[in-house]
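Colleague: One file is attached below, final_26.cif, containing mmCIF, N, CA and C atoms and all ligand atoms.
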data_coords
loop_
_atom_site.label_atom_id
_atom_site.label_comp_id
_atom_site.auth_asym_id
_atom_site.auth_seq_id
_atom_site.Cartn_x
_atom_site.Cartn_y
_atom_site.Cartn_z
N MET M 10 -53.54 72.21 -43.06
CA MET M 10 -54.38 72.84 -42.03
C MET M 10 -54.24 72.13 -40.69
N GLY M 11 -54.03 72.89 -39.64
CA GLY M 11 -53.93 72.28 -38.32
C GLY M 11 -55.29 72.25 -37.64
N GLU M 12 -55.38 71.58 -36.53
CA GLU M 12 -56.63 71.53 -35.80
C GLU M 12 -56.62 72.57 -34.69
N LEU M 13 -57.80 73.04 -34.30
CA LEU M 13 -57.90 74.01 -33.22
C LEU M 13 -57.74 73.31 -31.89
N LYS M 14 -56.91 73.87 -31.03
CA LYS M 14 -56.65 73.24 -29.74
C LYS M 14 -56.56 74.30 -28.65
N ASN M 15 -56.75 73.85 -27.41
CA ASN M 15 -56.48 74.72 -26.28
C ASN M 15 -55.07 74.45 -25.80
N CYS M 16 -54.31 75.51 -25.64
CA CYS M 16 -52.95 75.33 -25.16
C CYS M 16 -52.99 74.77 -23.74
N PRO M 17 -52.29 73.66 -23.50
CA PRO M 17 -52.33 73.05 -22.16
C PRO M 17 -51.64 73.91 -21.10
N VAL M 18 -50.84 74.87 -21.54
CA VAL M 18 -50.13 75.71 -20.57
C VAL M 18 -50.93 76.95 -20.22
N CYS M 19 -51.34 77.74 -21.24
CA CYS M 19 -52.02 79.00 -20.95
C CYS M 19 -53.50 78.97 -21.28
N GLY M 20 -53.98 77.90 -21.93
CA GLY M 20 -55.40 77.77 -22.18
C GLY M 20 -55.91 78.50 -23.41
N LYS M 21 -55.01 79.21 -24.10
CA LYS M 21 -55.41 79.95 -25.29
C LYS M 21 -55.74 78.99 -26.42
N VAL M 22 -56.71 79.38 -27.28
CA VAL M 22 -57.02 78.55 -28.45
C VAL M 22 -56.04 78.88 -29.55
N PHE M 23 -55.51 77.84 -30.17
CA PHE M 23 -54.55 78.06 -31.24
C PHE M 23 -54.68 76.96 -32.26
N VAL M 24 -54.08 77.17 -33.42
CA VAL M 24 -54.10 76.14 -34.46
C VAL M 24 -52.88 75.26 -34.28
N LYS M 25 -53.12 73.98 -34.05
CA LYS M 25 -52.01 73.07 -33.83
C LYS M 25 -51.30 72.81 -35.16
N VAL M 26 -50.01 73.08 -35.17
CA VAL M 26 -49.24 72.83 -36.38
C VAL M 26 -48.30 71.67 -36.14
N VAL M 27 -47.28 71.91 -35.32
CA VAL M 27 -46.35 70.83 -35.04
C VAL M 27 -46.46 70.42 -33.57
N LYS M 28 -46.34 71.42 -32.71
CA LYS M 28 -46.32 71.13 -31.28
C LYS M 28 -47.70 71.29 -30.69
N ASN M 29 -47.83 70.78 -29.47
CA ASN M 29 -49.07 70.79 -28.74
C ASN M 29 -49.31 72.11 -28.01
N LEU M 30 -48.37 73.07 -28.17
CA LEU M 30 -48.46 74.32 -27.44
C LEU M 30 -48.74 75.47 -28.38
N CYS M 31 -49.28 76.57 -27.83
CA CYS M 31 -49.51 77.75 -28.65
C CYS M 31 -48.16 78.42 -28.93
N PRO M 32 -48.09 79.24 -30.00
CA PRO M 32 -46.80 79.84 -30.37
C PRO M 32 -46.13 80.60 -29.24
N ALA M 33 -46.92 81.30 -28.42
CA ALA M 33 -46.33 82.07 -27.31
C ALA M 33 -45.65 81.15 -26.31
N CYS M 34 -46.29 80.01 -26.02
CA CYS M 34 -45.70 79.08 -25.05
C CYS M 34 -44.52 78.33 -25.64
N ILE M 35 -44.55 78.08 -26.95
CA ILE M 35 -43.40 77.45 -27.59
C ILE M 35 -42.20 78.38 -27.46
N GLU M 36 -42.45 79.66 -27.69
CA GLU M 36 -41.36 80.64 -27.59
C GLU M 36 -40.83 80.71 -26.16
N ALA M 37 -41.74 80.71 -25.20
CA ALA M 37 -41.33 80.76 -23.79
C ALA M 37 -40.53 79.53 -23.44
N GLU M 38 -40.97 78.36 -23.95
CA GLU M 38 -40.26 77.12 -23.64
C GLU M 38 -38.88 77.13 -24.28
N GLU M 39 -38.81 77.70 -25.47
CA GLU M 39 -37.54 77.79 -26.17
C GLU M 39 -36.54 78.65 -25.38
N ARG M 40 -37.06 79.75 -24.82
CA ARG M 40 -36.21 80.61 -23.99
C ARG M 40 -35.74 79.86 -22.75
N GLU M 41 -36.68 79.11 -22.16
CA GLU M 41 -36.37 78.31 -20.98
C GLU M 41 -35.30 77.28 -21.32
N PHE M 42 -35.49 76.64 -22.47
CA PHE M 42 -34.55 75.62 -22.91
C PHE M 42 -33.15 76.20 -23.03
N MET M 43 -33.05 77.38 -23.66
CA MET M 43 -31.72 77.98 -23.86
C MET M 43 -31.09 78.36 -22.53
N GLU M 44 -31.94 78.79 -21.60
CA GLU M 44 -31.44 79.15 -20.28
C GLU M 44 -30.85 77.92 -19.58
N VAL M 45 -31.60 76.82 -19.63
CA VAL M 45 -31.14 75.58 -19.00
C VAL M 45 -29.86 75.09 -19.67
N ARG M 46 -29.87 75.11 -21.00
CA ARG M 46 -28.71 74.62 -21.74
C ARG M 46 -27.46 75.45 -21.40
N ASP M 47 -27.64 76.77 -21.35
CA ASP M 47 -26.50 77.63 -21.03
C ASP M 47 -26.05 77.42 -19.59
N TYR M 48 -27.03 77.22 -18.70
CA TYR M 48 -26.66 77.04 -17.30
C TYR M 48 -25.84 75.76 -17.12
N ILE M 49 -26.28 74.70 -17.80
CA ILE M 49 -25.56 73.43 -17.70
C ILE M 49 -24.16 73.56 -18.31
N LYS M 50 -24.09 74.33 -19.39
CA LYS M 50 -22.81 74.52 -20.05
C LYS M 50 -21.84 75.29 -19.14
N ASP M 51 -22.38 76.31 -18.48
CA ASP M 51 -21.53 77.13 -17.61
C ASP M 51 -21.26 76.47 -16.26
N ASN M 52 -22.14 75.58 -15.84
CA ASN M 52 -21.99 74.95 -14.53
C ASN M 52 -22.07 73.43 -14.63
N PRO M 53 -21.09 72.84 -15.26
CA PRO M 53 -21.15 71.38 -15.36
C PRO M 53 -21.10 70.78 -13.96
N GLY M 54 -21.91 69.79 -13.72
CA GLY M 54 -21.92 69.18 -12.39
C GLY M 54 -22.89 69.83 -11.44
N ALA M 55 -23.65 70.83 -11.92
CA ALA M 55 -24.66 71.44 -11.07
C ALA M 55 -25.72 70.40 -10.73
N SER M 56 -26.28 70.49 -9.52
CA SER M 56 -27.29 69.50 -9.15
C SER M 56 -28.61 69.84 -9.83
N VAL M 57 -29.48 68.86 -9.91
CA VAL M 57 -30.78 69.06 -10.53
C VAL M 57 -31.55 70.16 -9.81
N GLU M 58 -31.48 70.12 -8.46
CA GLU M 58 -32.18 71.12 -7.65
C GLU M 58 -31.70 72.52 -8.03
N GLU M 59 -30.39 72.64 -8.21
CA GLU M 59 -29.80 73.93 -8.56
C GLU M 59 -30.36 74.41 -9.90
N ILE M 60 -30.38 73.53 -10.86
CA ILE M 60 -30.85 73.92 -12.19
C ILE M 60 -32.32 74.32 -12.16
N THR M 61 -33.15 73.49 -11.49
CA THR M 61 -34.58 73.81 -11.46
C THR M 61 -34.84 75.09 -10.67
N THR M 62 -34.08 75.31 -9.58
CA THR M 62 -34.29 76.51 -8.78
C THR M 62 -33.85 77.75 -9.54
N ILE M 63 -32.68 77.70 -10.14
CA ILE M 63 -32.14 78.89 -10.79
C ILE M 63 -32.86 79.22 -12.08
N THR M 64 -33.16 78.21 -12.89
CA THR M 64 -33.82 78.50 -14.16
C THR M 64 -35.33 78.52 -14.04
N GLY M 65 -35.87 77.96 -12.94
CA GLY M 65 -37.31 77.91 -12.77
C GLY M 65 -37.97 76.90 -13.69
N THR M 66 -37.18 75.99 -14.22
CA THR M 66 -37.71 74.98 -15.14
C THR M 66 -38.01 73.69 -14.39
N GLU M 67 -39.15 73.08 -14.71
CA GLU M 67 -39.49 71.83 -14.04
C GLU M 67 -38.53 70.73 -14.45
N GLU M 68 -38.29 69.81 -13.49
CA GLU M 68 -37.38 68.71 -13.76
C GLU M 68 -37.86 67.86 -14.93
N LYS M 69 -39.18 67.69 -15.04
CA LYS M 69 -39.68 66.81 -16.11
C LYS M 69 -39.42 67.41 -17.49
N LYS M 70 -39.39 68.74 -17.56
CA LYS M 70 -39.06 69.37 -18.84
C LYS M 70 -37.61 69.11 -19.21
N ILE M 71 -36.74 69.26 -18.20
CA ILE M 71 -35.32 69.02 -18.43
C ILE M 71 -35.11 67.58 -18.88
N LEU M 72 -35.84 66.66 -18.22
CA LEU M 72 -35.73 65.24 -18.60
C LEU M 72 -36.20 65.02 -20.03
N ARG M 73 -37.24 65.75 -20.42
CA ARG M 73 -37.75 65.59 -21.79
C ARG M 73 -36.70 66.03 -22.79
N TRP M 74 -36.05 67.16 -22.49
CA TRP M 74 -35.01 67.64 -23.41
C TRP M 74 -33.86 66.65 -23.48
N LEU M 75 -33.57 66.02 -22.34
CA LEU M 75 -32.53 65.00 -22.33
C LEU M 75 -32.93 63.84 -23.23
N ARG M 76 -34.19 63.42 -23.11
CA ARG M 76 -34.68 62.32 -23.93
C ARG M 76 -34.63 62.68 -25.40
N GLU M 77 -34.96 63.93 -25.71
CA GLU M 77 -34.95 64.37 -27.10
C GLU M 77 -33.53 64.58 -27.61
N GLY M 78 -32.56 64.46 -26.71
CA GLY M 78 -31.17 64.63 -27.12
C GLY M 78 -30.79 66.08 -27.33
N ARG M 79 -31.59 67.02 -26.81
CA ARG M 79 -31.31 68.43 -27.04
C ARG M 79 -30.28 68.96 -26.05
N ILE M 80 -30.22 68.37 -24.86
CA ILE M 80 -29.19 68.76 -23.91
C ILE M 80 -28.48 67.51 -23.41
N GLU M 81 -27.25 67.71 -23.03
CA GLU M 81 -26.50 66.61 -22.44
C GLU M 81 -26.12 67.02 -21.04
N TYR M 82 -26.36 66.13 -20.11
CA TYR M 82 -26.07 66.50 -18.74
C TYR M 82 -25.84 65.26 -17.90
N THR M 83 -24.70 65.24 -17.23
CA THR M 83 -24.49 64.19 -16.24
C THR M 83 -23.84 64.85 -15.05
N ASN M 84 -24.42 64.73 -13.89
CA ASN M 84 -23.75 65.24 -12.70
C ASN M 84 -23.13 64.06 -11.96
N SER M 85 -22.48 64.37 -10.85
CA SER M 85 -21.75 63.32 -10.14
C SER M 85 -22.64 62.16 -9.73
N GLU M 86 -23.91 62.48 -9.35
CA GLU M 86 -24.80 61.40 -8.92
C GLU M 86 -25.36 60.65 -10.13
N GLY M 87 -25.22 61.26 -11.29
CA GLY M 87 -25.82 60.66 -12.48
C GLY M 87 -27.33 60.58 -12.34
N LYS M 88 -27.88 61.53 -11.56
CA LYS M 88 -29.30 61.43 -11.24
C LYS M 88 -30.19 61.83 -12.41
N LEU M 89 -29.81 62.90 -13.05
CA LEU M 89 -30.67 63.41 -14.11
C LEU M 89 -30.35 62.74 -15.44
N ARG M 90 -30.81 61.54 -15.54
CA ARG M 90 -30.58 60.80 -16.76
C ARG M 90 -31.88 60.13 -17.12
N PRO M 91 -32.24 60.15 -18.39
CA PRO M 91 -33.46 59.45 -18.74
C PRO M 91 -33.30 57.96 -18.47
N THR M 92 -34.38 57.31 -18.09
CA THR M 92 -34.32 55.87 -17.88
C THR M 92 -35.28 55.19 -18.84
N CYS M 93 -35.00 53.93 -19.12
CA CYS M 93 -35.85 53.14 -19.99
C CYS M 93 -37.25 53.08 -19.40
N LYS M 94 -38.27 53.41 -20.21
CA LYS M 94 -39.64 53.41 -19.69
C LYS M 94 -40.12 52.01 -19.39
N SER M 95 -39.43 51.02 -19.92
CA SER M 95 -39.88 49.66 -19.72
C SER M 95 -39.18 48.99 -18.54
N CYS M 96 -37.83 49.08 -18.47
CA CYS M 96 -37.13 48.34 -17.42
C CYS M 96 -36.37 49.24 -16.45
N GLY M 97 -36.28 50.56 -16.74
CA GLY M 97 -35.66 51.49 -15.81
C GLY M 97 -34.15 51.62 -15.90
N THR M 98 -33.53 50.96 -16.86
CA THR M 98 -32.09 51.09 -17.07
C THR M 98 -31.77 52.52 -17.51
N PRO M 99 -30.72 53.14 -16.95
CA PRO M 99 -30.37 54.49 -17.43
C PRO M 99 -29.96 54.45 -18.90
N ILE M 100 -30.46 55.41 -19.66
CA ILE M 100 -30.12 55.48 -21.08
C ILE M 100 -29.66 56.89 -21.41
N ASN M 101 -29.13 57.09 -22.58
CA ASN M 101 -28.67 58.42 -22.95
C ASN M 101 -29.73 59.22 -23.65
N VAL M 102 -30.50 58.58 -24.48
CA VAL M 102 -31.44 59.31 -25.31
C VAL M 102 -32.62 58.41 -25.64
N GLY M 103 -33.79 58.99 -25.88
CA GLY M 103 -34.96 58.21 -26.27
C GLY M 103 -35.76 57.74 -25.07
N ASN M 104 -36.64 56.77 -25.27
CA ASN M 104 -37.53 56.29 -24.23
C ASN M 104 -37.19 54.90 -23.74
N LEU M 105 -36.48 54.14 -24.55
CA LEU M 105 -36.23 52.75 -24.21
C LEU M 105 -34.75 52.42 -24.35
N CYS M 106 -34.28 51.44 -23.57
CA CYS M 106 -32.91 50.97 -23.73
C CYS M 106 -32.85 50.10 -24.99
N ALA M 107 -31.64 49.81 -25.44
CA ALA M 107 -31.48 49.08 -26.70
C ALA M 107 -32.21 47.75 -26.66
N LYS M 108 -32.13 47.07 -25.50
CA LYS M 108 -32.75 45.75 -25.38
C LYS M 108 -34.27 45.85 -25.53
N CYS M 109 -34.88 46.79 -24.78
CA CYS M 109 -36.33 46.92 -24.83
C CYS M 109 -36.80 47.45 -26.19
N ALA M 110 -36.00 48.32 -26.80
CA ALA M 110 -36.37 48.84 -28.11
C ALA M 110 -36.42 47.70 -29.12
N LYS M 111 -35.46 46.78 -28.99
CA LYS M 111 -35.42 45.64 -29.90
C LYS M 111 -36.63 44.74 -29.69
N GLU M 112 -36.92 44.49 -28.41
CA GLU M 112 -38.08 43.65 -28.09
C GLU M 112 -39.36 44.27 -28.63
N LEU M 113 -39.48 45.60 -28.43
CA LEU M 113 -40.69 46.29 -28.86
C LEU M 113 -40.82 46.22 -30.38
N SER M 114 -39.71 46.42 -31.09
CA SER M 114 -39.83 46.44 -32.55
C SER M 114 -40.16 45.06 -33.08
N SER M 115 -39.68 43.99 -32.40
CA SER M 115 -40.05 42.66 -32.89
C SER M 115 -41.51 42.38 -32.57
N LYS M 116 -42.01 42.95 -31.43
CA LYS M 116 -43.42 42.81 -31.10
C LYS M 116 -44.27 43.52 -32.16
N ILE M 117 -43.84 44.76 -32.50
CA ILE M 117 -44.58 45.53 -33.50
C ILE M 117 -44.59 44.80 -34.84
N ASN M 118 -43.42 44.25 -35.18
CA ASN M 118 -43.33 43.52 -36.44
C ASN M 118 -44.31 42.37 -36.52
N SER M 119 -44.39 41.58 -35.43
CA SER M 119 -45.29 40.44 -35.47
C SER M 119 -46.74 40.91 -35.49
N MET M 120 -47.00 42.06 -34.79
CA MET M 120 -48.35 42.61 -34.82
C MET M 120 -48.71 43.08 -36.21
N THR M 121 -47.76 43.74 -36.89
CA THR M 121 -48.03 44.26 -38.22
C THR M 121 -48.28 43.14 -39.21
N SER M 122 -47.49 42.06 -39.10
CA SER M 122 -47.71 41.00 -40.07
C SER M 122 -49.04 40.31 -39.82
N ALA M 123 -49.43 40.20 -38.54
CA ALA M 123 -50.75 39.63 -38.24
C ALA M 123 -51.83 40.54 -38.80
N GLY M 124 -51.64 41.87 -38.64
CA GLY M 124 -52.60 42.83 -39.16
C GLY M 124 -52.71 42.75 -40.67
N GLN M 125 -51.58 42.55 -41.33
CA GLN M 125 -51.60 42.46 -42.79
C GLN M 125 -52.40 41.24 -43.22
N LYS M 126 -52.17 40.13 -42.50
CA LYS M 126 -52.88 38.91 -42.85
C LYS M 126 -54.39 39.16 -42.73
N TYR M 127 -54.76 39.85 -41.62
CA TYR M 127 -56.17 40.09 -41.38
C TYR M 127 -56.75 40.94 -42.51
N ASN M 128 -56.04 42.06 -42.85
CA ASN M 128 -56.53 42.95 -43.89
C ASN M 128 -56.68 42.23 -45.21
N LYS M 129 -55.70 41.37 -45.48
CA LYS M 129 -55.71 40.67 -46.76
C LYS M 129 -56.96 39.80 -46.86
N SER M 130 -57.25 39.07 -45.78
CA SER M 130 -58.39 38.16 -45.88
C SER M 130 -59.68 38.95 -46.00
N SER M 131 -59.78 40.12 -45.29
CA SER M 131 -61.02 40.87 -45.40
C SER M 131 -61.15 41.49 -46.79
N ASP M 132 -60.01 41.85 -47.40
CA ASP M 132 -60.04 42.36 -48.77
C ASP M 132 -60.56 41.30 -49.72
N GLU M 133 -60.05 40.09 -49.52
CA GLU M 133 -60.48 38.99 -50.38
C GLU M 133 -61.98 38.78 -50.24
N GLY M 134 -62.45 38.92 -48.97
CA GLY M 134 -63.87 38.75 -48.72
C GLY M 134 -64.67 39.79 -49.49
N ARG M 135 -64.18 41.05 -49.45
CA ARG M 135 -64.87 42.11 -50.16
C ARG M 135 -64.92 41.82 -51.65
N ASP M 136 -63.77 41.38 -52.20
CA ASP M 136 -63.71 41.09 -53.63
C ASP M 136 -64.75 40.05 -54.00
N GLU M 137 -64.80 39.02 -53.15
CA GLU M 137 -65.73 37.92 -53.39
C GLU M 137 -67.16 38.47 -53.43
N ASN M 138 -67.47 39.36 -52.45
CA ASN M 138 -68.81 39.94 -52.40
C ASN M 138 -69.12 40.76 -53.64
N SER M 139 -68.16 41.60 -54.06
CA SER M 139 -68.45 42.46 -55.19
C SER M 139 -68.57 41.63 -56.47
N ARG M 140 -67.80 40.56 -56.52
CA ARG M 140 -67.93 39.68 -57.69
C ARG M 140 -69.34 39.09 -57.73
N ARG M 141 -69.80 38.68 -56.56
CA ARG M 141 -71.12 38.07 -56.51
C ARG M 141 -72.19 39.08 -56.90
N MET M 142 -72.03 40.35 -56.38
CA MET M 142 -73.00 41.38 -56.70
C MET M 142 -73.02 41.66 -58.19
N TYR M 143 -71.83 41.69 -58.76
CA TYR M 143 -71.69 41.96 -60.19
C TYR M 143 -72.41 40.88 -60.99
N ALA M 144 -72.18 39.65 -60.54
CA ALA M 144 -72.80 38.52 -61.23
C ALA M 144 -74.32 38.62 -61.12
N ALA M 145 -74.79 39.01 -59.90
CA ALA M 145 -76.23 39.11 -59.70
C ALA M 145 -76.82 40.17 -60.61
N LYS M 146 -76.13 41.32 -60.73
CA LYS M 146 -76.60 42.40 -61.59
C LYS M 146 -76.73 41.91 -63.04
N ARG M 147 -75.69 41.18 -63.43
CA ARG M 147 -75.69 40.72 -64.82
C ARG M 147 -76.85 39.77 -65.09
N VAL M 148 -77.09 38.95 -64.07
CA VAL M 148 -78.20 37.99 -64.23
C VAL M 148 -79.50 38.76 -64.41
N ARG M 149 -79.68 39.79 -63.49
CA ARG M 149 -80.93 40.55 -63.56
C ARG M 149 -81.08 41.26 -64.91
N LYS M 150 -79.94 41.83 -65.37
CA LYS M 150 -79.96 42.61 -66.61
C LYS M 150 -80.32 41.72 -67.78
N ASP M 151 -79.74 40.52 -67.79
CA ASP M 151 -80.03 39.61 -68.90
C ASP M 151 -81.49 39.19 -68.83
ZN ZN J 1 -49.93 78.73 -24.49
ZN ZN J 2 -35.20 48.61 -21.02
#
Mind turning this structure into C-alpha cells?

Modeller:
Amino acid sequence: MGELKNCPVCGKVFVKVVKNLCPACIEAEEREFMEVRDYIKDNPGASVEEITTITGTEEKKILRWLREGRIEYTNSEGKLRPTCKSCGTPINVGNLCAKCAKELSSKINSMTSAGQKYNKSSDEGRDENSRRMYAAKRVRKD
C-alpha cells in the first residue's frame, strides 16, 4: 500500500507507489524525457539553451536524467554535466565523484559501527532489566 500524497507538479492527490509524482505527471515526464533523448540523439552538440527551448524541459530535469544515467550528453563546452555535490568535480553519473563517494562511505561505515555499539549496549541494558523484573516476579510469587 502506498501513501496518499499531493502531486508536486499538478497538485492532484494520488497514491504514492514508486515516484513522487502522480501517474499523469509521470507519463508527461516520460514523454518529455523521450523528446529530450531523441533531440540529443539527433542533434549532438546542441547547446543546453537549445535543448531547453526546443523541448520545453527545464535544465534541472535534464541534469537529473544525466545523473540517473538515462541520457548521455556532452556538448563542446561540456557545460551540461552533473557535478559532484560535495566538491564540484564534473562526473558522469550519480551525485558524487569517486573520491567523495569513498569518503562518504567510510564516514557511513564508522557511523554504522558506532550505532551498532550503541544499540548493543542498550539491548544489554534491556536484558538486564527484564532479568531483574523476572527475578522480582519470582520472589513475589514464592
Ligand atoms: Zn501530477
Ligand atoms: Zn567530489

Colleague: List as a ChimeraX atom specification the protein and nucleic acid residues lying within 6.5 Å of ligand ZN 1 (chain J), with all atoms listed in the file counted.

Modeller: /M:16-21,30-35

Colleague: List every protein, DNA or RNA residue that has at least one atom no more than 8 Å from (-42.0, 46.7, -22.6) in the file's coordinates, counting only C-alpha atoms, and write the result as a list in words.

Modeller: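 The distance filter leaves exactly Lys94, Ser95, Cys96, Cys109, Glu112 and Leu113 of chain M.
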
Colleague: Which residue gives the smallest distance to Pro91 in chain M among M:Val27, M:Leu75, M:Ile49, M:Met43, with only N, CA and C atoms counted?

Modeller: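 For Pro91 in chain M, the nearest of the candidates is M:Leu75.
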
Colleague: Mind listing the residues within 8 Å of ligand ZN 2 (chain J), all atoms listed in the file counted, as JSON, numbers by chain?

Modeller: {"M": [92, 93, 94, 95, 96, 97, 98, 99, 104, 105, 106, 107, 108, 109, 110]}

Colleague: Interatomic distance between CA of Val102 in chain M and atom N of Gly78 in chain M?

Modeller: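 Taking CA of Val102 in chain M as the start and atom N of Gly78 in chain M as the end point, the length is 5.5 Å.
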
Colleague: I'd like the contact shell of range 11-15 of chain M - 6 Å cut-off, only N, CA and C atoms, skipping same-chain residues fewer than 4 positions apart - returned as a list in words.

Modeller: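 So the residues in contact are Gly20, Lys21, Val22, Phe23, Val24, Lys25 and Val26 of chain M.
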
Colleague: For a test of reading the model, state the distance in Å between atom C of Glu59 in chain M and atom C of Val45 in chain M, rounded to one decimal.

Modeller: 9.8 Å

Colleague: Record the distance separating CA of Pro53 in chain M and atom C of Gly65 in chain M, expressed in Å with one decimal.

Modeller: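 So the answer is 17.8 Å.
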
Colleague: Go through M:Ser122, M:Thr61, M:Thr66, M:Asn101 one by one, measure the shortest atom-to-atom distance of each to Phe42 in chain M using only C-alpha atoms, and give the residue with the smallest value.

Modeller: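 With only C-alpha atoms as the atom set, the closest residue is M:Thr66.
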